[in-house]
Number of protein chains: 2
Amino acid sequence: MKATIKDVAKLADVSISTVSRVMNNPELVARDKRDKILEAIERLHYTPNALARGLIHKRTRTLGVLIPDISNLFYAELIRGMEDAAHEGGNNLMICNTVNDQSRRLSSLKVMSEKQIDGIVFTSEPVLPECYAVFRQLNLPIVLAATHSLEYDLPSVRINEEQAAFDAAQYLIRKGHTRIAMITGSMSDPISGFPRIQGFLRSLHHYGLELDPERCLEYGNYRFEDSYEAMRRLHGKFPGMTAVFASGDERALACISYCHEHGIKVPEEISVIGFDNTRMSGMSYPRLTTIAQPLYQMGREAILKLDRLINGEPLDQLRTCMDHRIVERQSVLDLTV
Amino acid sequence: MKATIKDVAKLADVSISTVSRVMNNPELVARDKRDKILEAIERLHYTPNALARGLIHKRTRTLGVLIPDISNLFYAELIRGMEDAAHEGGNNLMICNTVNDQSRRLSSLKVMSEKQIDGIVFTSEPVLPECYAVFRQLNLPIVLAATHSLEYDLPSVRINEEQAAFDAAQYLIRKGHTRIAMITGSMSDPISGFPRIQGFLRSLHHYGLELDPERCLEYGNYRFEDSYEAMRRLHGKFPGMTAVFASGDERALACISYCHEHGIKVPEEISVIGFDNTRMSGMSYPRLTTIAQPLYQMGREAILKLDRLINGEPLDQLRTCMDHRIVERQSVLDLTV
DNA sequence: CTGAAAGCGCTTACAG
DNA sequence: CTGAAAGCGCTTACAG
């Protein structure tokens with residue numbers, strides 16, 4: 001059995017109050033007793049029960065994190081940033097993989113709430129009304145990471161998706177490409193779908209490339225297989241295409257694979273630019289040029305914000321927008337030289 | 001503020017005992033009161049405080065999981081299996097990323113213990129004496145996943161690494177390869193290092209391929225960059241090599257990238273076989289032939305075992321060995337045709 | 001400086 | 001069928 005504060009008190013021949021004090025305010029305890037108690041703690045391997053503490057303090061020092069799909073490398077970096085920041089603040093993470101499923105999301109939220117987490121980081125997904133209703137009910141500090149909400153006043157940390165997509169297309173255009181396609185998530189996805197499509201089209205328009213969206217856009221989920229099929233459709237319907245902007249690194253790898261398997265040279269015949277700069281982008285051939293999101297930093301920022309919220313401190317800004325950048329590797333051909 | 005059992009009791013005009021009963025043994029409560037209480041619960045969005053419950057039951061229904069590096073796709077599948085099994089059993093996971101760091105490992109163990117988790121799944125890494133000492137002290141049910149221990153009597157779920165490595169080499173040999181190299185972790189790693197090297201060498205020996213270990217073995221960690229360099233060294237010191245067994249899919253992708261970047265055709269000039277069958281193995285060109293570990297099932301099994309341990313039920317076997325298999329894709333050339 | 005007491009939110013014999 | 005009481009392991013005024 002685990003030793004409790006009573007066991008320590010008995011062994012050190014003091015009251016439990018005094019034991020409690022040496023754990024929380026050792027300076028209030030006389031030296032000799034303190035030493036005796038410390039020794040008893042040591043001998044019994046005593047470690048305070050966080051449940052009891054949490055009950056009293058109404059604070060558990062565990063932060064809940066909702067992740068749609070941990071098998072996506074995207075979240076690995078984000079989580080590392082969150083973990084580091086959490087540990088620095090004396091907190092722990094409780095990570096829930098929602099498997100992109102609303103009922104899992106809701107039940108995770110419920111369990112977390114019952115376990116009395118102090119706050120929530122909600123990642124990547126749009127905040128649906130149903131979810132927001134639960135957030136309100138939970139009445140817990142919440143911050144959004146790699147997503148945001150315009151409808152609701154929720155703190156968030158993310159990049160400017162529209163601008164990032166604009167920059168990706170612009171990069172391609174400046175390398176001399178004019179017949180450019182995009183593989184993306186659904187238009188109805190307000191986070192990584194719609195804004196990126198917008199940015200992409202704005203860039204084409206800005207540079208006078210009037211392309212038919214019917215022809216240059218293909219849709220699919222972010223997984224490899226889906227994107228592979230999207231690339232197949234694109235290849236069928238957009239002859240002469242020289243570059244594709246894949247909204248996500250895994251999508252980009254699927255494009256590259258499709259090309260290899262169909263004898264199309266990358267980047268000589270088709271250039272590919274990705275999005276996210278996950279670890280994967282260094283593992284393809286050719287290595288992937290991609291838009292980098294500062295995922296580690298975003299994770300940190302999200303936790304920092306949450307911590308401030310929990311401590312009742314004011315936020316300097318509700319919606320934090322971080323900088324993206326382009327990481328040049330070998331998957332884009334420069335047509336201008 | 002969150003509603004407590006008192007609030008419900010007051011609103012329904014009963015004692016807290018009765019409220020507690022409708023949560024735990026509703027059949028003991030008269031119909032009319034039960035309905036009134038249920039209504040109050042609904043109105044207040046009451047949800048029991050898991051800390052208080054845990055304190056009484058001495059059980060929190062959260063299981064701790066120690067993962068060396070969540071950015072490794074290997075763990076994604078393992079975690080999914082664990083999560084599904086945990087949810088089925090009414091449990092939750094608390095995942096700790098130890099970043100391959102012993103002090104993080106120890107501190108995670110401490111925090112988990114303070115938060116009163118009911119049991120631990122320890123993944124992948126060898127159980128060092130220092131760690132085992134902590135395990136004993138914690139006095140919690142523990143199961144090892146994707147690792148095992150011969151020194152200590154700890155329950156485990158894993159594959160036969162030695163045999164799997166043997167089979168990988170045998171596969172290559174049967175395809176007509178005779179100049180085979182291996183990229184692996186350190187010989188001093190008793191889990192995925194030593195046994196795999198053993199299996200590899202046993203296979204060579206079995207088929208009469210007497211190769212100099214100095215020449216055909218290269219070492220490095222499981223990350224891409226390290227393995228890329230290992231492949232470079234191998235290429236320099238082992239002329240005529242036609243196949244490499246990479247102990248891990250990420251290592252295999254590094255081999256493939258090295259070859260591409262140095263004008264070596266895969267599999268025409270050099271064949272590559274990987275290990276693990278993570279999602280990554282379908283994303284390379286050529287697609288990777290690899291040894292599959294049943295990661296999802298291993299995750300499930302580990303949790304099932306842990307659950308039995310927690311409930312004081314006997315284990316049918318201490319060390320469970322699961323079956324591996326070879327997944328054939330396109331990275332190995334058949335020299336016999 | 002130290003201990004007894006109340007209380008965090010719940011559950012579970014016990015008595016009625 | 002229901003409520004008062006004790007207790008899970010701790011913390012924190014309060015009194016001395």
# chains A, B, ... in the order shown; residues from 1 in each chain; ligands from 1
$ select_by_dssp --residues "region 89-186 of chain A" --states "helix (DSSP H, G or I)" --output "ChimeraX atom specification"
/A:102-114,129-138,161-174
$ write_last_selection --atoms "C-alpha atoms" --output "short mmCIF file (atom, residue, chain, number, x, y, z; two decimals), in the first residue's frame"
data_model
loop_
_atom_site.label_atom_id
_atom_site.label_comp_id
_atom_site.auth_asym_id
_atom_site.auth_seq_id
_atom_site.Cartn_x
_atom_site.Cartn_y
_atom_site.Cartn_z
CA GLN A 102 -17.42 14.12 -33.03
CA SER A 103 -18.76 11.63 -30.53
CA ARG A 104 -15.22 10.78 -29.41
CA ARG A 105 -14.53 14.47 -29.13
CA LEU A 106 -17.57 15.02 -26.95
CA SER A 107 -16.91 12.03 -24.73
CA SER A 108 -13.26 13.03 -24.31
CA LEU A 109 -14.39 16.46 -23.23
CA LYS A 110 -16.72 14.89 -20.70
CA VAL A 111 -14.09 12.61 -19.22
CA MET A 112 -11.56 15.41 -19.03
CA SER A 113 -14.05 17.58 -17.28
CA GLU A 114 -14.88 14.88 -14.76
CA PRO A 129 -21.76 25.01 -32.53
CA GLU A 130 -22.32 21.73 -30.72
CA CYS A 131 -18.75 21.77 -29.49
CA TYR A 132 -18.95 25.38 -28.49
CA ALA A 133 -22.06 24.66 -26.46
CA VAL A 134 -20.07 22.05 -24.54
CA PHE A 135 -17.19 24.46 -24.07
CA ARG A 136 -19.56 26.97 -22.50
CA GLN A 137 -21.08 24.38 -20.28
CA LEU A 138 -17.70 23.15 -19.13
CA GLU A 161 -3.57 30.16 -43.74
CA GLU A 162 -4.82 32.34 -46.54
CA GLN A 163 -1.56 34.21 -46.79
CA ALA A 164 0.50 31.05 -46.50
CA ALA A 165 -1.37 29.51 -49.41
CA PHE A 166 -0.97 32.74 -51.35
CA ASP A 167 2.77 32.58 -50.71
CA ALA A 168 2.99 28.95 -51.80
CA ALA A 169 1.33 29.71 -55.12
CA GLN A 170 3.37 32.89 -55.50
CA TYR A 171 6.54 30.89 -54.96
CA LEU A 172 5.56 28.59 -57.79
CA ILE A 173 4.59 31.48 -60.04
CA ARG A 174 7.83 33.29 -59.43
#
$ residues_around --residues "DG9 (chain C)" --least-positions-apart "6" --cutoff "7 Å" --atoms "only C-alpha atoms (C1' of nucleotides)" --output "number ranges by chain"
B: 4, 49, 52
$ closest_atom_pairs --of "chain D" --to "region 19-36 of chain A" --cutoff "12 Å" --atoms "only C-alpha atoms (C1' of nucleotides)" --output "Markdown table"
| residue | atom | partner | partner_atom | distance |
| --- | --- | --- | --- | --- |
| D:DG9 | C1' | A:Ser20 | CA | 10.9 |
| D:DC10 | C1' | A:Ser20 | CA | 7.9 |
| D:DT11 | C1' | A:Ser20 | CA | 7.3 |
| D:DT12 | C1' | A:Arg21 | CA | 9.9 |
$ interface_residues --of "chain D" --to "chain B" --cutoff "9 Å" --atoms "only C-alpha atoms (C1' of nucleotides)" --output "PyMOL selection string"
chain D and resi 1-3+7-9
$ closest_residue --among "A:Leu51, A:Val121, A:Val244, A:Leu63" --to "chain B" --atoms "only C-alpha atoms"
A:Leu51
$ residues_around --residues "Ile291 (chain B)" --least-positions-apart "2" --cutoff "7 Å" --atoms "only C-alpha atoms (C1' of nucleotides)" --output "NGL selection string"
:B and (168 or 274-277 or 293 or 324-327)
$ interface_residues --of "chain A" --to "chain B" --cutoff "7 Å" --atoms "only C-alpha atoms" --output "PyMOL selection string"
chain A and resi 47-52+55+70-71+73+76+94-95+114-115+253-254+257+260+283-285
$ atom_distance --atom1 "CA of Thr336 (chain A)" --atom2 "CA of Phe245 (chain A)"
18.5 Å
$ atom_distance --atom1 "CA of Leu217 (chain A)" --atom2 "CA of Ile197 (chain A)"
8.5 Å
